[in-house]
Amino acid sequence: MFVDRAIITIKAGDGGKGCVAFRREKYEPKGGPSGGDGGRGGDIVMAADEGLNTLLDFRGLSHWEAENGEPGRGKQQHGADGRDKVIRVPSGTQVYDNKTGQLIADLGPDQRAVIANGGRGGYGNEHFKTSTNQAPKSGTPGEPGQRREIRLDLKLIADIGIIGLPNAGKSTLLGALTHATPKIANYPFTTLSPQLGIAELDPARRMVLADVPGLIEGASRGKGLGHEFLRHVERTRVLVHLLDIRPEDGSDPADNYQIVRKEIYGYSPLLAEKEELIVLNKIDLVPDEKERTAAIARLRKKLKLPVREPIMTISGAGRSNLRETLEKMWKLLKHADQPAPARRATGPDA
């Protein structure tokens with residue numbers, strides 16, 4: 001089960017109490033104060049784990065605590081520090097203070113962050129001896145550990161985000177390009193959560209692909225399922241816009257493209273500026289070469305695409321032209337960090 005948001009309470013460990021003790025040994029019945037300091041409380045640490053891809057574990061466990069520091073001991077012995085509580089979360093998890101909305105940490109691959117600090121241990125009575133007070137009979141309590149209510153938001157980290165209307169064939173394409181096994185069927189919103197897969201061109205070239213649930217008109221305003229998952233494409237470097245060359249509802253692929261682009265722009269204009277590759281899927285439904293060429297030409301004309309901008313044609317189910325499409329994705333990734341030119345048809349009035 002995919003869960004991408006959770007609210008939990010965390011409590012760092014309290015510091016141990018300082019010890020009040022006096023040295024009592026043979027020949028030194030009044031050896032003076034010897035109470036040691038208390039140990040420091042453990043921290044709450046969040047650590048990104050590449051083996052996790054959901055926040056499901058936090059649905060059944062909402063309270064997390066670190067170990068308290070031990071009290072100080074006699075003979076000036078320091079109490080042991082409490083152990084940190086390391087909470088493992090998926091890479092891409094953002095940690096917010098749930099009360100203030102402040103972003104505390106944004107955890108990328110293999111990153112760690114202290115989210116709540118343990119309390120400092122109290123002082124033992126040896127700290128308070130002076131020339132005028134040679135037998136102090138008090139220590140200090142340890143400081144309490146930090147307590148916070150935090151919100152965890154997961155934004156998947158992928159190189160490529162596959163977007164498009166429902167039934168464009170995104171899940172089929174992901175399964176064909178990677179070893180992922182997404183659920184595939186012929187009805188809207190088959191994909192109820194983002195799916196990840198790894199495509200390998202060769203041992204040195206790998207890409208993480210994310211199949212994002214289908215976007216419909218109004219998704220950026222919360223309609224359908226898309227609004228819940230649009231944030232998962234924010235971290236992607238390249239968008240693959242998948243279009244059905246012959247939609248079953250008789251709609252125009254160019255119009256379908258515009259619908260999705262406007263929803264992306266409505267959610268985040270910055271997201272709309274990402275590198276994009278247009279891919280026409282299900283070309284096996286148009287076996288006639290002339291008809292296929294005409295469909296591509298109509299799409300290019302309606303979207304006002306320059307000749308140098310490619311439109312890839314594939315069949316996810318038939319696994320045709322996939323290698324060429326992967327090579328094009330890889331080339332776009334290499335240029336993804338460069339400033340992108342203004343995209344066409346991104347504004348609400350386009």
# chains A, B, ... in the order shown; residues from 1 in each chain; ligands from 1

call {"tool": "select_by_dssp", "arguments": {"residues": "stretch 288-343 of chain A", "states": "strand (DSSP E or B)", "output": "MDAnalysis selection string"}}
result
chainID A and resid 311:313 315 320

call {"tool": "residues_around", "arguments": {"residues": "stretch 56-71 of chain A", "least_positions_apart": "4", "cutoff": "7 Å", "atoms": "only C-alpha atoms", "output": "number ranges by chain"}}
result
A: 1-3, 6, 8-19, 38-44, 79-85, 121

call {"tool": "closest_residue", "arguments": {"among": "A:Gly92, A:Pro203, A:Gly118, A:Gly145", "to": "A:Ala158", "atoms": "only C-alpha atoms"}}
result
A:Gly92

call {"tool": "atom_distance", "arguments": {"atom1": "atom CA of A:Gln111", "atom2": "atom CA of A:Leu156"}}
result
14.8 Å

call {"tool": "residues_around", "arguments": {"residues": "A:Leu201", "least_positions_apart": "5", "cutoff": "10 Å", "atoms": "only C-alpha atoms", "output": "PDB file with C-alpha atoms, in the first residue's frame"}}
result
ATOM      1  CA  LEU A 177      10.759  -0.287 -20.056  1.00  0.00           C
ATOM      2  CA  ARG A 206      20.262   3.678 -15.605  1.00  0.00           C
ATOM      3  CA  MET A 207      17.184   5.839 -15.133  1.00  0.00           C
ATOM      4  CA  ARG A 323      15.178   1.419 -27.210  1.00  0.00           C
ATOM      5  CA  LEU A 326      15.072   5.360 -23.941  1.00  0.00           C
ATOM      6  CA  GLU A 327      18.100   6.794 -25.740  1.00  0.00           C
ATOM      7  CA  TRP A 330      18.894   9.715 -21.625  1.00  0.00           C
TER       8      TRP A 330
END

call {"tool": "closest_residue", "arguments": {"among": "A:Asp255, A:Asp202, A:Asp4, A:Asp244", "to": "A:Val286", "atoms": "only C-alpha atoms"}}
result
A:Asp244

call {"tool": "closest_residue", "arguments": {"among": "A:Arg120, A:His127, A:Glu50, A:Leu55", "to": "A:Val20", "atoms": "only C-alpha atoms"}}
result
A:His127

call {"tool": "residues_around", "arguments": {"residues": "A:Gly101", "least_positions_apart": "5", "cutoff": "10 Å", "atoms": "only C-alpha atoms", "output": "list of chain:residue names"}}
result
A:Val95, A:Tyr96, A:Ile150, A:Arg151

call {"tool": "residues_around", "arguments": {"residues": "A:Lys274", "least_positions_apart": "4", "cutoff": "8 Å", "atoms": "only C-alpha atoms", "output": "list in words"}}
result
Arg237, Val238, Leu239, Leu270, Ala336 and Ala340 of chain A

call {"tool": "write_last_selection", "arguments": {"atoms": "C-alpha atoms", "output": "PDB file, in the first residue's frame"}}
result
ATOM      1  CA  ARG A 237      14.171  16.072 -14.245  1.00  0.00           C
ATOM      2  CA  VAL A 238      12.358  15.177 -17.465  1.00  0.00           C
ATOM      3  CA  LEU A 239       8.669  14.633 -18.266  1.00  0.00           C
ATOM      4  CA  LEU A 270       8.011  25.879 -12.696  1.00  0.00           C
ATOM      5  CA  ALA A 336      18.043  18.724 -17.826  1.00  0.00           C
ATOM      6  CA  ALA A 340      14.897  25.329 -20.134  1.00  0.00           C
TER       7      ALA A 340
END

call {"tool": "closest_residue", "arguments": {"among": "A:Pro247, A:Gly164, A:Pro136, A:Pro310", "to": "A:Glu263", "atoms": "only C-alpha atoms"}}
result
A:Gly164

call {"tool": "closest_residue", "arguments": {"among": "A:Ala135, A:Ile104, A:Ile7, A:Val89", "to": "A:Ala47", "atoms": "only C-alpha atoms"}}
result
A:Val89

call {"tool": "atom_distance", "arguments": {"atom1": "atom CA of A:Asn281", "atom2": "atom CA of A:Ile157"}}
result
24.7 Å

call {"tool": "closest_residue", "arguments": {"among": "A:Ser315, A:Gln195, A:Ser34, A:Thr132", "to": "A:Ile163", "atoms": "only C-alpha atoms"}}
result
A:Gln195

call {"tool": "atom_distance", "arguments": {"atom1": "atom CA of A:Ile264", "atom2": "atom CA of A:Ala168"}}
result
16.6 Å

call {"tool": "residues_around", "arguments": {"residues": "stretch 291-302 of chain A", "least_positions_apart": "2", "cutoff": "10 Å", "atoms": "only C-alpha atoms", "output": "list in words"}}
result
Ile245, Arg246, Asp252, Pro253, Ala254, Asp255, Tyr257, Leu280, Ile283, Asp284, Leu285, Val286, Pro287, Asp288, Glu289, Lys304, Leu305, Pro306, Val307, Glu309, Pro310, Ile311, Met312 and Thr313 of chain A
